[in-house]
$ cat query-v4.cif   # mmCIF, C-alpha atoms
data_work
loop_
_atom_site.group_PDB
_atom_site.id
_atom_site.type_symbol
_atom_site.label_atom_id
_atom_site.label_comp_id
_atom_site.auth_asym_id
_atom_site.auth_seq_id
_atom_site.Cartn_x
_atom_site.Cartn_y
_atom_site.Cartn_z
ATOM 1 C CA MET A 1097 40.488 151.147 38.519
ATOM 2 C CA LEU A 1098 39.885 147.583 39.734
ATOM 3 C CA GLN A 1099 41.652 145.847 42.542
ATOM 4 C CA GLU A 1100 43.795 143.475 40.541
ATOM 5 C CA ASN A 1101 45.007 140.997 43.096
ATOM 6 C CA ASN A 1102 42.946 140.214 46.149
ATOM 7 C CA ASP A 1103 44.514 136.935 47.341
ATOM 8 C CA LYS A 1104 43.002 135.243 50.359
ATOM 9 C CA SER A 1105 43.940 131.919 51.842
ATOM 10 C CA LYS A 1106 41.105 129.474 52.557
ATOM 11 C CA GLY A 1107 42.515 126.255 53.962
ATOM 12 C CA ASN A 1108 45.065 124.952 51.475
ATOM 13 C CA SER A 1109 43.502 126.961 48.646
ATOM 14 C CA VAL A 1110 44.512 130.338 47.293
ATOM 15 C CA ILE A 1111 41.472 132.484 46.541
ATOM 16 C CA ASN A 1112 41.859 135.461 44.221
ATOM 17 C CA ILE A 1113 39.308 138.034 43.072
ATOM 18 C CA ARG A 1114 40.333 139.955 39.969
ATOM 19 C CA GLU A 1115 39.144 141.531 36.756
ATOM 20 C CA ALA A 1116 38.090 138.894 34.217
ATOM 21 C CA ASN A 1117 39.966 138.663 30.937
ATOM 22 C CA LYS A 1118 39.084 136.923 27.691
ATOM 23 C CA SER A 1119 41.177 133.887 28.615
ATOM 24 C CA ASP A 1120 38.709 133.315 31.511
ATOM 25 C CA TYR A 1121 35.593 133.311 29.312
ATOM 26 C CA LYS A 1122 35.475 129.566 28.619
ATOM 27 C CA GLN A 1123 35.724 128.778 32.346
ATOM 28 C CA ILE A 1124 33.068 131.404 33.149
ATOM 29 C CA CYS A 1125 30.698 129.770 30.659
ATOM 30 C CA GLN A 1126 31.290 126.387 32.294
ATOM 31 C CA LEU A 1127 29.923 127.760 35.584
ATOM 32 C CA VAL A 1128 26.431 127.628 34.022
ATOM 33 C CA THR A 1129 25.532 123.932 34.149
ATOM 34 C CA SER A 1130 21.819 123.890 33.282
ATOM 35 C CA GLU A 1131 19.101 125.782 31.448
ATOM 36 C CA GLN A 1132 17.439 126.559 34.795
ATOM 37 C CA GLU A 1133 20.681 128.010 36.140
ATOM 38 C CA LEU A 1134 21.140 130.101 32.994
ATOM 39 C CA SER A 1135 17.607 131.487 33.373
ATOM 40 C CA MET A 1136 18.585 132.824 36.828
ATOM 41 C CA PHE A 1137 22.113 133.918 35.855
ATOM 42 C CA PHE A 1138 21.308 135.497 32.471
ATOM 43 C CA PRO A 1139 17.585 135.251 31.587
ATOM 44 C CA LYS A 1140 18.145 136.436 27.995
ATOM 45 C CA GLY A 1141 20.825 133.798 27.384
ATOM 46 C CA ARG A 1142 20.576 130.564 25.405
ATOM 47 C CA PHE A 1143 21.724 127.257 26.839
ATOM 48 C CA PRO A 1144 24.451 126.182 26.655
ATOM 49 C CA PHE A 1145 25.964 129.521 27.634
ATOM 50 C CA SER A 1146 28.753 130.324 25.174
ATOM 51 C CA VAL A 1147 31.797 132.542 24.858
ATOM 52 C CA ASP A 1148 29.985 134.455 22.088
ATOM 53 C CA GLN A 1149 27.140 135.287 24.478
ATOM 54 C CA LEU A 1150 29.594 136.321 27.186
ATOM 55 C CA GLU A 1151 31.478 138.556 24.743
ATOM 56 C CA GLN A 1152 28.194 140.295 23.851
ATOM 57 C CA LEU A 1153 27.393 140.695 27.545
ATOM 58 C CA ALA A 1154 30.870 142.119 28.191
ATOM 59 C CA GLU A 1155 30.190 144.916 25.691
ATOM 60 C CA VAL A 1156 27.389 146.332 27.871
ATOM 61 C CA ARG A 1157 28.617 145.418 31.368
ATOM 62 C CA HIS A 1158 31.259 146.878 33.671
ATOM 63 C CA ALA A 1159 33.827 145.383 36.042
ATOM 64 C CA LEU A 1160 33.581 141.773 34.879
ATOM 65 C CA THR A 1161 35.081 139.966 37.850
ATOM 66 C CA VAL A 1162 36.161 136.398 38.557
ATOM 67 C CA LEU A 1163 36.817 134.593 41.796
ATOM 68 C CA THR A 1164 39.459 131.912 41.395
ATOM 69 C CA GLU A 1165 40.512 129.049 43.610
ATOM 70 C CA ASN A 1166 44.036 127.856 42.852
ATOM 71 C CA GLU A 1167 43.804 129.748 39.535
ATOM 72 C CA ARG A 1168 40.567 127.970 38.466
ATOM 73 C CA VAL A 1169 37.528 130.224 37.914
ATOM 74 C CA VAL A 1170 34.830 129.286 40.451
ATOM 75 C CA GLY A 1171 32.819 132.513 40.547
ATOM 76 C CA PHE A 1172 31.777 135.466 38.432
ATOM 77 C CA ALA A 1173 29.927 138.796 38.757
ATOM 78 C CA ASP A 1174 29.683 142.106 36.929
ATOM 79 C CA LEU A 1175 28.020 145.524 37.085
ATOM 80 C CA TYR A 1176 25.328 147.023 34.839
ATOM 81 C CA ASN A 1177 22.891 149.944 34.551
ATOM 82 C CA LEU A 1178 25.480 152.355 35.880
ATOM 83 C CA LYS A 1179 23.894 155.693 36.779
ATOM 84 C CA PRO A 1180 26.759 158.081 37.578
ATOM 85 C CA ALA A 1181 26.560 159.609 41.071
ATOM 86 C CA ALA A 1182 23.515 157.439 41.820
ATOM 87 C CA SER A 1183 23.612 153.624 41.594
ATOM 88 C CA VAL A 1184 24.653 150.491 39.732
ATOM 89 C CA PHE A 1185 23.388 146.907 39.701
ATOM 90 C CA ILE A 1186 25.501 143.881 40.604
ATOM 91 C CA GLY A 1187 24.658 141.247 38.025
ATOM 92 C CA ASN A 1188 25.337 137.774 36.741
ATOM 93 C CA VAL A 1189 26.519 136.468 40.112
ATOM 94 C CA ILE A 1190 27.334 132.765 39.884
ATOM 95 C CA ILE A 1191 29.450 130.286 41.835
ATOM 96 C CA SER A 1192 30.335 126.839 40.477
ATOM 97 C CA PRO A 1193 28.067 124.116 41.913
ATOM 98 C CA GLU A 1194 30.962 122.313 43.638
ATOM 99 C CA SER A 1195 32.147 125.559 45.258
ATOM 100 C CA ARG A 1196 28.842 126.669 46.770
ATOM 101 C CA ARG A 1197 28.232 126.926 50.529
ATOM 102 C CA ARG A 1198 31.897 127.847 51.093
ATOM 103 C CA GLY A 1199 31.486 131.617 51.398
ATOM 104 C CA PHE A 1200 32.530 132.426 47.829
ATOM 105 C CA GLY A 1201 29.242 134.178 46.995
ATOM 106 C CA LYS A 1202 29.743 136.442 49.990
ATOM 107 C CA LEU A 1203 33.354 137.136 48.934
ATOM 108 C CA ILE A 1204 32.529 138.149 45.380
ATOM 109 C CA VAL A 1205 29.459 140.230 46.299
ATOM 110 C CA ASN A 1206 31.431 142.019 49.031
ATOM 111 C CA HIS A 1207 34.152 142.683 46.457
ATOM 112 C CA MET A 1208 31.587 144.162 44.061
ATOM 113 C CA LEU A 1209 30.232 146.333 46.903
ATOM 114 C CA GLU A 1210 33.768 147.539 47.554
ATOM 115 C CA LEU A 1211 34.087 148.546 43.899
ATOM 116 C CA ILE A 1212 30.725 150.313 43.939
ATOM 117 C CA PHE A 1213 31.247 152.260 47.160
ATOM 118 C CA ARG A 1214 35.014 152.925 47.125
ATOM 119 C CA VAL A 1215 36.135 152.863 43.497
ATOM 120 C CA TYR A 1216 33.016 154.103 41.689
ATOM 121 C CA GLN A 1217 32.045 156.138 44.795
ATOM 122 C CA LEU A 1218 28.334 155.517 44.292
ATOM 123 C CA PRO A 1219 25.860 155.893 47.158
ATOM 124 C CA GLU A 1220 23.723 152.878 46.237
ATOM 125 C CA ALA A 1221 24.231 149.277 45.091
ATOM 126 C CA ARG A 1222 21.366 147.328 43.575
ATOM 127 C CA ILE A 1223 20.855 143.665 42.806
ATOM 128 C CA SER A 1224 17.976 141.624 41.406
ATOM 129 C CA VAL A 1225 17.169 138.034 42.318
ATOM 130 C CA PHE A 1226 14.397 135.575 41.518
ATOM 131 C CA ASN A 1227 12.189 134.458 44.386
ATOM 132 C CA SER A 1228 13.158 130.820 43.740
ATOM 133 C CA ASN A 1229 16.840 131.516 44.499
ATOM 134 C CA THR A 1230 16.643 131.171 48.283
ATOM 135 C CA PRO A 1231 20.417 130.936 48.944
ATOM 136 C CA ALA A 1232 21.003 134.218 47.093
ATOM 137 C CA LEU A 1233 18.064 135.932 48.819
ATOM 138 C CA LEU A 1234 19.422 134.955 52.222
ATOM 139 C CA LEU A 1235 22.957 136.050 51.322
ATOM 140 C CA TYR A 1236 21.843 139.437 50.046
ATOM 141 C CA HIS A 1237 19.732 139.964 53.171
ATOM 142 C CA ARG A 1238 22.734 139.163 55.388
ATOM 143 C CA LEU A 1239 24.788 141.653 53.369
ATOM 144 C CA GLY A 1240 22.286 144.407 54.137
ATOM 145 C CA PHE A 1241 20.253 144.528 50.926
ATOM 146 C CA VAL A 1242 16.538 145.314 51.298
ATOM 147 C CA PRO A 1243 13.727 145.016 48.719
ATOM 148 C CA TYR A 1244 12.439 148.123 46.966
ATOM 149 C CA ALA A 1245 10.433 146.673 44.034
ATOM 150 C CA MET A 1246 9.345 143.445 42.384
ATOM 151 C CA GLU A 1247 8.062 142.375 39.005
ATOM 152 C CA GLU A 1248 6.519 139.292 37.499
ATOM 153 C CA ARG A 1249 8.668 137.284 35.102
ATOM 154 C CA CYS A 1250 8.599 133.812 33.548
ATOM 155 C CA ASP A 1251 11.354 131.221 33.782
ATOM 156 C CA HIS A 1252 12.714 129.100 30.916
ATOM 157 C CA LEU A 1253 9.666 126.795 31.199
ATOM 158 C CA GLY A 1254 7.152 129.637 31.197
ATOM 159 C CA GLN A 1255 6.467 129.343 34.934
ATOM 160 C CA ARG A 1256 5.646 132.546 36.787
ATOM 161 C CA LEU A 1257 8.348 133.956 39.068
ATOM 162 C CA VAL A 1258 8.928 137.133 41.003
ATOM 163 C CA LEU A 1259 12.054 139.146 40.300
ATOM 164 C CA LEU A 1260 12.898 141.031 43.482
ATOM 165 C CA HIS A 1261 14.907 144.240 43.232
ATOM 166 C CA LEU A 1262 17.051 144.947 46.286
ATOM 167 C CA HIS A 1263 19.264 147.847 47.210
ATOM 168 C CA LYS A 1264 21.882 148.767 49.767
ATOM 169 C CA HIS A 1265 23.099 152.235 50.642
ATOM 170 C CA ARG A 1266 26.776 152.921 51.220
ATOM 171 C CA ASP A 1267 26.246 153.891 54.859
ATOM 172 C CA SER A 1268 23.911 151.010 55.742
ATOM 173 C CA GLY A 1269 26.709 148.680 56.940
ATOM 174 C CA THR A 1270 26.699 144.914 56.609
ATOM 175 C CA SER A 1271 25.823 142.004 58.797
ATOM 176 C CA ALA A 1272 27.409 139.405 56.579
ATOM 177 C CA SER A 1273 28.242 136.764 59.127
ATOM 178 C CA GLY A 1274 26.496 133.643 60.194
ATOM 179 C CA THR A 1275 24.768 130.641 58.744
ATOM 180 C CA CYS A 1276 21.328 129.192 59.225
ATOM 181 C CA GLN A 1277 22.610 127.266 62.230
ATOM 182 C CA ASP A 1278 24.245 130.384 63.705
ATOM 183 C CA SER A 1279 21.046 132.414 63.402
ATOM 184 C CA GLY A 1280 18.994 129.818 65.239
ATOM 185 C CA CYS A 1281 16.540 129.184 62.401
ATOM 186 C CA ARG A 1282 14.948 125.770 62.270
ATOM 187 C CA PRO A 1283 13.717 123.740 59.300
ATOM 188 C CA ASP A 1284 10.057 124.266 58.502
ATOM 189 C CA THR A 1285 8.411 120.948 59.405
ATOM 190 C CA ARG A 1286 4.837 121.865 58.487
#
$ encode --input "query-v4.cif" --output "structure tokens"
Amino acid sequence: MLQENNDKSKGNSVINIREANKSDYKQICQLVTSEQELSMFFPKGRFPFSVDQLEQLAEVRHALTVLTENERVVGFADLYNLKPAASVFIGNVIISPESRRRGFGKLIVNHMLELIFRVYQLPEARISVFNSNTPALLLYHRLGFVPYAMEERCDHLGQRLVLLHLHKHRDSGTSASGTCQDSGCRPDTR
């Protein structure tokens, strides 16, 4: 059901997106480097994120997916709350800190969209993101996601946050190119 081998070349690196297996779990856990990061990646988790927690998550999630660079896991995502013939959420999206700002988030989210729209043949993809995760918010916007709801949550320190729920319909297209510099935005100097 999943696309097993999705090799892409990026410079001298070989990038692969594939179904996760249990031998990847330790590397997936190592992607979560702080309690703050865990609270955005898996709010119900306990730091440090462990293989046991990931195994429990895997029991209730679908399409656990890794992005590898030269066979090393540098990204992860999965699907949850599958509503047949309706929608599913993309969840637990994370890219290793040293691999960020290289387009890997876009690659893995686009892959998950491909699964949702072509393999699962669902009309709607959903994703949730905390208001403090600006890079993810901007990425999801560029990929065509739009907000439909929000709720108040608390982070690992008890600070108030907003969890934004976004969705994208199969026929909405994507505009997943560009960076801040390409779009002409300027730093806020207020």
$ closest_atom_pairs --input "query-v4.cif" --of "range 1167-1230 of chain A" --to "range 1133-1144 of chain A" --cutoff "8 Å" --atoms "all atoms listed in the file" --output "tab-separated table"
residue	atom	partner	partner_atom	distance
A:Asn1188	CA	A:Phe1137	CA	5.1
A:Val1189	CA	A:Phe1137	CA	6.6
A:Ile1190	CA	A:Phe1137	CA	6.7
A:Val1225	CA	A:Met1136	CA	7.7
A:Phe1226	CA	A:Met1136	CA	6.9
A:Asn1229	CA	A:Met1136	CA	8.0
$ resolve_selection --input "query-v4.cif" --expression "the PyMOL selection byres ((chain A and resi 1218-1220) around 6)" --output "list of chain:residue names"
A:Ala1181, A:Ala1182, A:Ser1183, A:Ile1212, A:Phe1213, A:Tyr1216, A:Gln1217, A:Ala1221, A:Lys1264, A:His1265, A:Arg1266
$ resolve_selection --input "query-v4.cif" --expression "the PyMOL selection byres ((chain A and resi 1260) around 8)" --output "ChimeraX atom specification"
/A:1224-1227,1243-1247,1258-1259,1261-1262
$ closest_residue --input "query-v4.cif" --among "A:Glu1194, A:Asp1120, A:Asp1148, A:Glu1248" --to "Glu1167 in chain A" --atoms "all atoms listed in the file"
A:Asp1120
$ closest_residue --input "query-v4.cif" --among "A:Ile1191, A:Leu1257, A:Val1205, A:Leu1234" --to "Asp1174 in chain A" --atoms "only C-alpha atoms"
A:Val1205
$ decode --input "query-v4.cif" --residues "range 1237-1276 of chain A" --atoms "C-alpha atoms" --output "mmCIF file, in the first residue's frame"
data_model
loop_
_atom_site.group_PDB
_atom_site.id
_atom_site.type_symbol
_atom_site.label_atom_id
_atom_site.label_comp_id
_atom_site.auth_asym_id
_atom_site.auth_seq_id
_atom_site.Cartn_x
_atom_site.Cartn_y
_atom_site.Cartn_z
ATOM 1 C CA HIS A 1237 0.522 27.418 4.302
ATOM 2 C CA ARG A 1238 2.823 27.088 1.274
ATOM 3 C CA LEU A 1239 1.532 23.541 0.780
ATOM 4 C CA GLY A 1240 -2.039 24.823 0.574
ATOM 5 C CA PHE A 1241 -3.337 24.073 4.068
ATOM 6 C CA VAL A 1242 -5.811 26.581 5.534
ATOM 7 C CA PRO A 1243 -7.085 26.913 9.127
ATOM 8 C CA TYR A 1244 -10.528 25.607 10.035
ATOM 9 C CA ALA A 1245 -10.427 25.546 13.871
ATOM 10 C CA MET A 1246 -8.251 26.292 16.876
ATOM 11 C CA GLU A 1247 -8.157 25.321 20.517
ATOM 12 C CA GLU A 1248 -6.320 26.421 23.611
ATOM 13 C CA ARG A 1249 -3.673 24.068 24.972
ATOM 14 C CA CYS A 1250 -0.781 24.265 27.437
ATOM 15 C CA ASP A 1251 2.833 23.409 26.688
ATOM 16 C CA HIS A 1252 5.165 21.326 28.876
ATOM 17 C CA LEU A 1253 5.702 24.356 31.159
ATOM 18 C CA GLY A 1254 2.001 25.114 31.510
ATOM 19 C CA GLN A 1255 2.156 28.115 29.165
ATOM 20 C CA ARG A 1256 -0.918 28.809 27.059
ATOM 21 C CA LEU A 1257 -0.684 27.985 23.350
ATOM 22 C CA VAL A 1258 -3.046 27.788 20.425
ATOM 23 C CA LEU A 1259 -3.317 24.528 18.521
ATOM 24 C CA LEU A 1260 -4.347 25.397 14.975
ATOM 25 C CA HIS A 1261 -6.176 22.793 12.910
ATOM 26 C CA LEU A 1262 -5.555 23.088 9.174
ATOM 27 C CA HIS A 1263 -6.941 21.214 6.221
ATOM 28 C CA LYS A 1264 -6.305 20.790 2.525
ATOM 29 C CA HIS A 1265 -8.675 19.371 -0.052
ATOM 30 C CA ARG A 1266 -7.443 17.015 -2.746
ATOM 31 C CA ASP A 1267 -8.318 19.424 -5.556
ATOM 32 C CA SER A 1268 -6.894 22.552 -3.909
ATOM 33 C CA GLY A 1269 -3.425 22.210 -5.503
ATOM 34 C CA THR A 1270 -0.172 23.261 -3.889
ATOM 35 C CA SER A 1271 2.071 26.257 -4.015
ATOM 36 C CA ALA A 1272 4.968 24.602 -2.268
ATOM 37 C CA SER A 1273 7.833 26.580 -3.697
ATOM 38 C CA GLY A 1274 9.765 29.508 -2.423
ATOM 39 C CA THR A 1275 11.445 30.744 0.699
ATOM 40 C CA CYS A 1276 11.058 33.883 2.738
#
